[in-house]
Amino acid sequence: MLAFIVRRLIGTVAVVFAITLLVFLIFFHTPGVDPARQLAGRNPNPDTIKLIRHQYGLDRPLPVQYVILMKKLFISRDLTSYSNQGLKVVPAIAAAAPVTLSLVFGAAVIWVIVAIAMGLAAAVLRGTVWDPILMVLALIGISMPVFWLGEMANLIIQSRYHDSFLFSWIPPLGYTPLTSDPWMWFKQLLVPWLVLSVLYIGLYARVLRNSLLETESEDYVRTARAKGISERRVLLRHMLRTSMITFVSLFGLDLGVLIGGGALLAEVVFGLPGVGLLTYKSLTSLDLPVIMATVVYGAIFIVIASALVDVAYAYLDPRVRLA
Amino acid sequence: MSDVAALEQPIAPLPEEGIGSGAVAGRSPWELAARRLLRNRVAMAALGLFVLIVLVSLAAPLYAEHIAHTDPFVPNLNGTTEVDGKQVPIMQQGGGALKLGVTPIGPTWHSNFFLGADNQGRDVMARVLYGGRSSLLIGIGSALICGLVAVIVGLLAGFFGGLTDTVLSRTLDVIWAFPVYLLAISIATVLITQGLSVGPFSISASSLWLPTLIIAVVYVPYVARPVRGSVLSVREKEFIDAAIAQGASNTRLMLSEILPNVISVVIVLLPLMIATTILTESALSFLTIGVQPPQASWGTVISDGQQLLYTRPWVAIAPGIMIVLTVLSLNVLGDGIRDALDPRAKRRIGRKAKA
């Protein structure tokens, strides 16, 4: 186990290095693009450009440039926004992170529960009309762009039917910290949670159903049935447990991707001031330092999350460890 | 999905059409797969829907010129249009909840401004149709480019192994570890102001090629990895040894021995890839870093509609419905193609199919 962790750790460090290098190359050495002009914002004057060229050491050799950038990102953490002078990027990300975490974890709870219920129902009801109905619903969920679904939810809940008894309790768009008013926090995040979870409910319900149908004909399931174990116990204890292996490893990765920046579109539509909204606001003003920092931090978070998933996986399943 | 039973029936005797009289023609796996696909009614309906959407989008200029009589790329803030025999301004004073400012005309449900106008007084229906051209072009184009690059990379890495494989696979690993949206956003923000120029080639910032290439690059690992995997397993087969013994060159081994045996991996993935790339394009355009004005795509129209959401919701609803229908039809078709190319996937259930 220890050997596995060490191996995985080395791999993670290598990937993190490669990703920062890739970001560096994309932002600073895309052919035909002058990074200083980019970093200076939309309509820069020549002095700013000159200053930036010096600050980022763009007049010096490549490895030095890379080191300067990494120092600004991780050690001195003094990368500042260009459209909003004085905004330190790294602290801004740290301040926005709780919003993103609230959004993603809430959605994750919903999608896990609903997807397991849907997947189980579809597998149990195979041969009836419900199985295809559930799977078509799942497919529709996969096919909807999340930002559009969010807009439609806003249209119905915030505008058209806001005054009906169904939705009048839903507060206007925005975010209230959990620590200051938990009930308000819940009410404002409920719709974003549901919207964000739709795609994953669809994906996971399909994966779970197919995996359950595959386990159905494993020898140990036959044995369990032959022993006279109740159908319910066979389903939950023998089949679902095995099928959860794929489910759990997918879940770890998707959670990481969402926290690392995948929740961007949902945050934009619902005006939640998380890391994604920070990125989006910088996209519209092409505020490169902010975009670069959110991308690097997000990507690193995801790489580490996936390493943790692998370690957990190896702990649960010895076959992975030895491979 | 409901046609699983039909798929699992033994292949019926061939009908008259398609084969020479009398002689018993051999049926290639491709022919068998095509037959299975044709018999899958759900998949065929999905294909029909997709083709319909493509045709309707291609007809956008015809619609704009002959039905809507407008140019959907020119702002039309002072124009008027005829509704029920009366001339009505396109930008109306004091619409909306606050009775302030101007609001574009809502859906007329007639040939002019069928779905109303957007913030600049442009015909939304015509823009949705034109947007379909860009979205489909980018979606299909980037899926094809991605597939092509992935096949080349997967073939080289899997066939040569050794150093080639290490370099290519590690590069893929890094791109794969980089979340798709973050990578696409990074590349797009860098290129969106100044375009791309490599040597003699240059792509302007407003060109549709830019989002196409960005999306294609981002998804290469997702296709190249499975291709490489099946190249590795095909390479060990006896017919490859036989071909080597006959003195076949590396190029020949790759192109005529291995490629035909791994191409099905890409074909199965292609419709799903197009579905994914269309969704990615719409997201990038929604974030203002995909298709650039004056071009329209479904994502940019939704983005235009965001400000008008509560007063003129159809601007955002219509392109979203087009995306959902397109992506849904591609997903269903993709399932159908997978079942057709690998009918045993369903029957394999029962044996432990461990790789």
# chains A, B, ... in the order shown; residues from 1 in each chain; ligands from 1
call {"tool": "interface_residues", "arguments": {"of": "chain A", "to": "chain B", "cutoff": "6 Å", "atoms": "only C-alpha atoms", "output": "PDB file with N, CA and C atoms, in the first residue's frame"}}
result
ATOM      1  N   PRO A  31       2.233  30.905 -30.252  1.00  0.00           N
ATOM      2  CA  PRO A  31       2.848  31.610 -31.378  1.00  0.00           C
ATOM      3  C   PRO A  31       1.967  32.773 -31.836  1.00  0.00           C
ATOM      4  N   GLY A  32       2.592  33.894 -32.103  1.00  0.00           N
ATOM      5  CA  GLY A  32       1.865  35.028 -32.655  1.00  0.00           C
ATOM      6  C   GLY A  32       1.083  35.826 -31.634  1.00  0.00           C
ATOM      7  N   SER A 143     -28.451  15.610 -22.190  1.00  0.00           N
ATOM      8  CA  SER A 143     -28.398  16.409 -23.418  1.00  0.00           C
ATOM      9  C   SER A 143     -28.645  17.890 -23.193  1.00  0.00           C
ATOM     10  N   MET A 144     -28.938  18.312 -21.961  1.00  0.00           N
ATOM     11  CA  MET A 144     -29.267  19.715 -21.751  1.00  0.00           C
ATOM     12  C   MET A 144     -28.040  20.503 -21.291  1.00  0.00           C
ATOM     13  N   GLU A 214     -25.116  -6.013 -15.588  1.00  0.00           N
ATOM     14  CA  GLU A 214     -23.965  -6.868 -15.827  1.00  0.00           C
ATOM     15  C   GLU A 214     -23.680  -7.778 -14.637  1.00  0.00           C
ATOM     16  N   SER A 217     -25.722 -11.410 -13.750  1.00  0.00           N
ATOM     17  CA  SER A 217     -25.431 -12.785 -14.130  1.00  0.00           C
ATOM     18  C   SER A 217     -24.082 -13.281 -13.623  1.00  0.00           C
ATOM     19  N   VAL A 295      -7.332  28.918 -13.265  1.00  0.00           N
ATOM     20  CA  VAL A 295      -7.081  27.698 -14.033  1.00  0.00           C
ATOM     21  C   VAL A 295      -6.023  26.835 -13.338  1.00  0.00           C
ATOM     22  N   ALA A 299      -6.924  23.280 -11.754  1.00  0.00           N
ATOM     23  CA  ALA A 299      -6.340  22.075 -12.340  1.00  0.00           C
ATOM     24  C   ALA A 299      -5.551  21.292 -11.293  1.00  0.00           C
TER      25      ALA A 299
END
call {"tool": "residues_around", "arguments": {"residues": "Ala266 in chain A", "least_positions_apart": "3", "cutoff": "12 Å", "atoms": "only C-alpha atoms", "output": "number ranges by chain"}}
result
A: 99-100, 103-104, 107, 145-151, 153-154, 189, 191-199, 258-259, 261-263, 269-277, 280; B: 283, 286-287
call {"tool": "write_last_selection", "arguments": {"atoms": "C-alpha atoms", "output": "PDB file, in the first residue's frame"}}
result
ATOM      1  CA  VAL A  99     -19.445  29.311  -2.397  1.00  0.00           C
ATOM      2  CA  THR A 100     -18.257  26.805  -4.972  1.00  0.00           C
ATOM      3  CA  LEU A 103     -22.827  24.523  -4.541  1.00  0.00           C
ATOM      4  CA  VAL A 104     -20.965  21.377  -5.553  1.00  0.00           C
ATOM      5  CA  ALA A 107     -25.601  19.069  -5.790  1.00  0.00           C
ATOM      6  CA  PRO A 145     -26.667  22.476 -21.462  1.00  0.00           C
ATOM      7  CA  VAL A 146     -26.539  23.335 -17.776  1.00  0.00           C
ATOM      8  CA  PHE A 147     -26.511  27.091 -18.339  1.00  0.00           C
ATOM      9  CA  TRP A 148     -29.665  26.893 -20.438  1.00  0.00           C
ATOM     10  CA  LEU A 149     -31.444  24.708 -17.918  1.00  0.00           C
ATOM     11  CA  GLY A 150     -30.468  27.232 -15.242  1.00  0.00           C
ATOM     12  CA  GLU A 151     -31.900  30.087 -17.289  1.00  0.00           C
ATOM     13  CA  ALA A 153     -35.321  27.545 -14.037  1.00  0.00           C
ATOM     14  CA  ASN A 154     -34.781  31.253 -13.388  1.00  0.00           C
ATOM     15  CA  LEU A 189     -28.894  27.149  -3.220  1.00  0.00           C
ATOM     16  CA  VAL A 191     -32.514  25.472  -7.267  1.00  0.00           C
ATOM     17  CA  PRO A 192     -28.838  25.698  -8.323  1.00  0.00           C
ATOM     18  CA  TRP A 193     -28.234  22.308  -6.685  1.00  0.00           C
ATOM     19  CA  LEU A 194     -31.093  20.728  -8.581  1.00  0.00           C
ATOM     20  CA  VAL A 195     -30.051  22.253 -11.900  1.00  0.00           C
ATOM     21  CA  LEU A 196     -26.408  21.291 -11.500  1.00  0.00           C
ATOM     22  CA  SER A 197     -27.286  17.736 -10.488  1.00  0.00           C
ATOM     23  CA  VAL A 198     -29.495  16.975 -13.529  1.00  0.00           C
ATOM     24  CA  LEU A 199     -26.608  16.099 -15.863  1.00  0.00           C
ATOM     25  CA  LEU A 258     -16.752  20.549 -10.558  1.00  0.00           C
ATOM     26  CA  ILE A 259     -14.923  22.108  -7.624  1.00  0.00           C
ATOM     27  CA  GLY A 261     -13.922  24.976 -12.221  1.00  0.00           C
ATOM     28  CA  GLY A 262     -16.639  22.827 -13.794  1.00  0.00           C
ATOM     29  CA  ALA A 263     -19.361  24.583 -11.793  1.00  0.00           C
ATOM     30  CA  VAL A 269     -26.393  31.677 -14.406  1.00  0.00           C
ATOM     31  CA  PHE A 270     -27.367  31.840 -10.745  1.00  0.00           C
ATOM     32  CA  GLY A 271     -25.058  34.723  -9.849  1.00  0.00           C
ATOM     33  CA  LEU A 272     -23.264  32.726  -7.168  1.00  0.00           C
ATOM     34  CA  PRO A 273     -20.000  34.520  -6.332  1.00  0.00           C
ATOM     35  CA  GLY A 274     -17.785  31.417  -6.430  1.00  0.00           C
ATOM     36  CA  VAL A 275     -14.520  30.744  -8.197  1.00  0.00           C
ATOM     37  CA  GLY A 276     -16.378  30.179 -11.461  1.00  0.00           C
ATOM     38  CA  LEU A 277     -18.065  33.575 -11.390  1.00  0.00           C
ATOM     39  CA  TYR A 280     -16.287  34.482 -15.830  1.00  0.00           C
TER      40      TYR A 280
ATOM     41  CA  ALA B 283     -20.763  26.749 -23.348  1.00  0.00           C
ATOM     42  CA  PHE B 286     -22.115  31.520 -23.818  1.00  0.00           C
ATOM     43  CA  LEU B 287     -18.998  32.542 -21.914  1.00  0.00           C
TER      44      LEU B 287
END
call {"tool": "atom_distance", "arguments": {"atom1": "CA of Ala45 in chain B", "atom2": "CA of Ser142 in chain B"}}
result
24.5 Å
call {"tool": "residues_around", "arguments": {"residues": "range 8-14 of chain A", "least_positions_apart": "4", "cutoff": "8 Å", "atoms": "only C-alpha atoms", "output": "list in words"}}
result
Phe4, Ala18, Val303, Ile304, Ala307 and Val311 of chain A
call {"tool": "atom_distance", "arguments": {"atom1": "CA of Leu87 in chain A", "atom2": "CA of Gly260 in chain A"}}
result
20.8 Å
call {"tool": "atom_distance", "arguments": {"atom1": "CA of His69 in chain B", "atom2": "CA of Phe113 in chain B"}}
result
9.5 Å
call {"tool": "residues_around", "arguments": {"residues": "range 46-62 of chain B", "least_positions_apart": "3", "cutoff": "12 Å", "atoms": "only C-alpha atoms", "output": "PyMOL selection string"}}
result
chain B and resi 1+37-38+40-43+65-73+123-137+139-140+271+274-275+296-298+319+321-337
call {"tool": "select_by_dssp", "arguments": {"residues": "range 20-242 of chain A", "states": "alpha helix (DSSP H)", "output": "PyMOL selection string"}}
result
chain A and resi 20-29+35-39+46-55+62-70+89-124+130-143+146-154+182-216+219-226+231-233+241-242
call {"tool": "closest_residue", "arguments": {"among": "A:Val16, A:Val221, A:Ile5, A:Ala293", "to": "Arg233 in chain A", "atoms": "only C-alpha atoms"}}
result
A:Val221
call {"tool": "residues_around", "arguments": {"residues": "Ser168 in chain A", "least_positions_apart": "5", "cutoff": "10 Å", "atoms": "only C-alpha atoms", "output": "ChimeraX atom specification"}}
result
/A:157-158,161-163
call {"tool": "write_last_selection", "arguments": {"atoms": "N, CA and C atoms", "output": "short mmCIF file (atom, residue, chain, number, x, y, z; two decimals), in the first residue's frame"}}
result
data_model
loop_
_atom_site.label_atom_id
_atom_site.label_comp_id
_atom_site.auth_asym_id
_atom_site.auth_seq_id
_atom_site.Cartn_x
_atom_site.Cartn_y
_atom_site.Cartn_z
N ILE A 157 -38.99 30.30 -12.07
CA ILE A 157 -39.08 30.48 -10.62
C ILE A 157 -38.92 31.94 -10.22
N GLN A 158 -38.05 32.66 -10.94
CA GLN A 158 -37.83 34.04 -10.53
C GLN A 158 -38.76 35.01 -11.23
N TYR A 161 -43.53 32.36 -12.63
CA TYR A 161 -44.39 31.78 -11.60
C TYR A 161 -43.88 32.11 -10.21
N HIS A 162 -43.10 33.18 -10.13
CA HIS A 162 -42.53 33.49 -8.83
C HIS A 162 -43.60 33.78 -7.79
N ASP A 163 -44.70 34.38 -8.24
CA ASP A 163 -45.71 34.78 -7.26
C ASP A 163 -46.70 33.68 -6.94
#
call {"tool": "residues_around", "arguments": {"residues": "range 233-250 of chain B", "least_positions_apart": "4", "cutoff": "8 Å", "atoms": "only C-alpha atoms", "output": "list in words"}}
result
Phe159, Gly229, Met254, Glu257, Ile258, Asn261 and Val262 of chain B
call {"tool": "residues_around", "arguments": {"residues": "range 114-129 of chain A", "least_positions_apart": "2", "cutoff": "7 Å", "atoms": "only C-alpha atoms", "output": "list in words"}}
result
Ile110, Trp111, Val112, Asp131, Pro132, Ile133, Leu134, Ile201, Tyr204, Ala205, Arg206, Leu208, Arg209, Leu212 and Leu213 of chain A
call {"tool": "write_last_selection", "arguments": {"atoms": "N, CA and C atoms", "output": "PDB file, in the first residue's frame"}}
result
ATOM      1  N   ILE A 110     -27.593  15.430  -3.831  1.00  0.00           N
ATOM      2  CA  ILE A 110     -28.825  15.186  -4.587  1.00  0.00           C
ATOM      3  C   ILE A 110     -28.576  14.173  -5.695  1.00  0.00           C
ATOM      4  N   TRP A 111     -27.482  14.367  -6.454  1.00  0.00           N
ATOM      5  CA  TRP A 111     -27.331  13.491  -7.609  1.00  0.00           C
ATOM      6  C   TRP A 111     -27.027  12.062  -7.199  1.00  0.00           C
ATOM      7  N   VAL A 112     -26.294  11.871  -6.096  1.00  0.00           N
ATOM      8  CA  VAL A 112     -26.014  10.499  -5.674  1.00  0.00           C
ATOM      9  C   VAL A 112     -27.307   9.788  -5.277  1.00  0.00           C
ATOM     10  N   ASP A 131     -38.516   1.145 -17.361  1.00  0.00           N
ATOM     11  CA  ASP A 131     -37.080   1.161 -17.622  1.00  0.00           C
ATOM     12  C   ASP A 131     -36.738   2.110 -18.777  1.00  0.00           C
ATOM     13  N   PRO A 132     -37.357   1.913 -19.971  1.00  0.00           N
ATOM     14  CA  PRO A 132     -37.050   2.879 -21.041  1.00  0.00           C
ATOM     15  C   PRO A 132     -37.437   4.312 -20.694  1.00  0.00           C
ATOM     16  N   ILE A 133     -38.546   4.498 -19.972  1.00  0.00           N
ATOM     17  CA  ILE A 133     -38.935   5.873 -19.629  1.00  0.00           C
ATOM     18  C   ILE A 133     -37.859   6.532 -18.776  1.00  0.00           C
ATOM     19  N   LEU A 134     -37.402   5.810 -17.759  1.00  0.00           N
ATOM     20  CA  LEU A 134     -36.362   6.370 -16.893  1.00  0.00           C
ATOM     21  C   LEU A 134     -35.093   6.660 -17.679  1.00  0.00           C
ATOM     22  N   ILE A 201     -27.202  13.160 -12.596  1.00  0.00           N
ATOM     23  CA  ILE A 201     -28.222  12.140 -12.345  1.00  0.00           C
ATOM     24  C   ILE A 201     -28.366  11.277 -13.591  1.00  0.00           C
ATOM     25  N   TYR A 204     -25.095   9.063 -14.098  1.00  0.00           N
ATOM     26  CA  TYR A 204     -24.879   8.029 -13.094  1.00  0.00           C
ATOM     27  C   TYR A 204     -25.991   6.990 -13.106  1.00  0.00           C
ATOM     28  N   ALA A 205     -27.225   7.419 -13.371  1.00  0.00           N
ATOM     29  CA  ALA A 205     -28.317   6.452 -13.424  1.00  0.00           C
ATOM     30  C   ALA A 205     -28.071   5.461 -14.551  1.00  0.00           C
ATOM     31  N   ARG A 206     -27.597   5.958 -15.688  1.00  0.00           N
ATOM     32  CA  ARG A 206     -27.315   5.058 -16.816  1.00  0.00           C
ATOM     33  C   ARG A 206     -26.177   4.094 -16.489  1.00  0.00           C
ATOM     34  N   LEU A 208     -25.136   3.139 -13.560  1.00  0.00           N
ATOM     35  CA  LEU A 208     -25.509   2.196 -12.509  1.00  0.00           C
ATOM     36  C   LEU A 208     -26.417   1.100 -13.050  1.00  0.00           C
ATOM     37  N   ARG A 209     -27.390   1.490 -13.878  1.00  0.00           N
ATOM     38  CA  ARG A 209     -28.303   0.485 -14.427  1.00  0.00           C
ATOM     39  C   ARG A 209     -27.521  -0.555 -15.228  1.00  0.00           C
ATOM     40  N   LEU A 212     -25.482  -2.766 -12.998  1.00  0.00           N
ATOM     41  CA  LEU A 212     -26.323  -3.719 -12.260  1.00  0.00           C
ATOM     42  C   LEU A 212     -26.727  -4.883 -13.160  1.00  0.00           C
ATOM     43  N   LEU A 213     -27.094  -4.576 -14.401  1.00  0.00           N
ATOM     44  CA  LEU A 213     -27.498  -5.642 -15.309  1.00  0.00           C
ATOM     45  C   LEU A 213     -26.334  -6.574 -15.601  1.00  0.00           C
TER      46      LEU A 213
END
call {"tool": "decode", "arguments": {"residues": "range 244-258 of chain A", "atoms": "N, CA and C atoms", "output": "mmCIF file, in the first residue's frame"}}
result
data_model
loop_
_atom_site.group_PDB
_atom_site.id
_atom_site.type_symbol
_atom_site.label_atom_id
_atom_site.label_comp_id
_atom_site.auth_asym_id
_atom_site.auth_seq_id
_atom_site.Cartn_x
_atom_site.Cartn_y
_atom_site.Cartn_z
ATOM 1 N N MET A 244 -21.292 -0.294 -7.215
ATOM 2 C CA MET A 244 -20.901 1.006 -6.686
ATOM 3 C C MET A 244 -19.426 1.310 -6.935
ATOM 4 N N ILE A 245 -18.621 0.273 -7.268
ATOM 5 C CA ILE A 245 -17.188 0.514 -7.483
ATOM 6 C C ILE A 245 -16.978 1.541 -8.596
ATOM 7 N N THR A 246 -17.589 1.287 -9.759
ATOM 8 C CA THR A 246 -17.472 2.242 -10.866
ATOM 9 C C THR A 246 -18.060 3.589 -10.474
ATOM 10 N N PHE A 247 -19.224 3.509 -9.845
ATOM 11 C CA PHE A 247 -19.955 4.700 -9.434
ATOM 12 C C PHE A 247 -19.075 5.602 -8.570
ATOM 13 N N VAL A 248 -18.418 4.997 -7.584
ATOM 14 C CA VAL A 248 -17.632 5.794 -6.647
ATOM 15 C C VAL A 248 -16.424 6.428 -7.330
ATOM 16 N N SER A 249 -15.765 5.680 -8.223
ATOM 17 C CA SER A 249 -14.571 6.274 -8.828
ATOM 18 C C SER A 249 -14.963 7.401 -9.782
ATOM 19 N N LEU A 250 -16.088 7.239 -10.485
ATOM 20 C CA LEU A 250 -16.588 8.331 -11.324
ATOM 21 C C LEU A 250 -16.905 9.548 -10.467
ATOM 22 N N PHE A 251 -17.543 9.261 -9.330
ATOM 23 C CA PHE A 251 -17.994 10.330 -8.450
ATOM 24 C C PHE A 251 -16.828 11.182 -7.975
ATOM 25 N N GLY A 252 -15.745 10.532 -7.570
ATOM 26 C CA GLY A 252 -14.587 11.282 -7.091
ATOM 27 C C GLY A 252 -14.058 12.226 -8.155
ATOM 28 N N LEU A 253 -13.962 11.714 -9.394
ATOM 29 C CA LEU A 253 -13.417 12.549 -10.463
ATOM 30 C C LEU A 253 -14.334 13.725 -10.779
ATOM 31 N N ASP A 254 -15.649 13.443 -10.886
ATOM 32 C CA ASP A 254 -16.572 14.518 -11.246
ATOM 33 C C ASP A 254 -16.630 15.587 -10.175
ATOM 34 N N LEU A 255 -16.577 15.151 -8.930
ATOM 35 C CA LEU A 255 -16.584 16.109 -7.827
ATOM 36 C C LEU A 255 -15.369 17.026 -7.946
ATOM 37 N N GLY A 256 -14.209 16.430 -8.200
ATOM 38 C CA GLY A 256 -12.992 17.213 -8.345
ATOM 39 C C GLY A 256 -13.101 18.208 -9.483
ATOM 40 N N VAL A 257 -13.606 17.743 -10.637
ATOM 41 C CA VAL A 257 -13.713 18.628 -11.797
ATOM 42 C C VAL A 257 -14.668 19.780 -11.517
ATOM 43 N N LEU A 258 -15.785 19.487 -10.843
ATOM 44 C CA LEU A 258 -16.752 20.549 -10.558
ATOM 45 C C LEU A 258 -16.159 21.597 -9.622
#
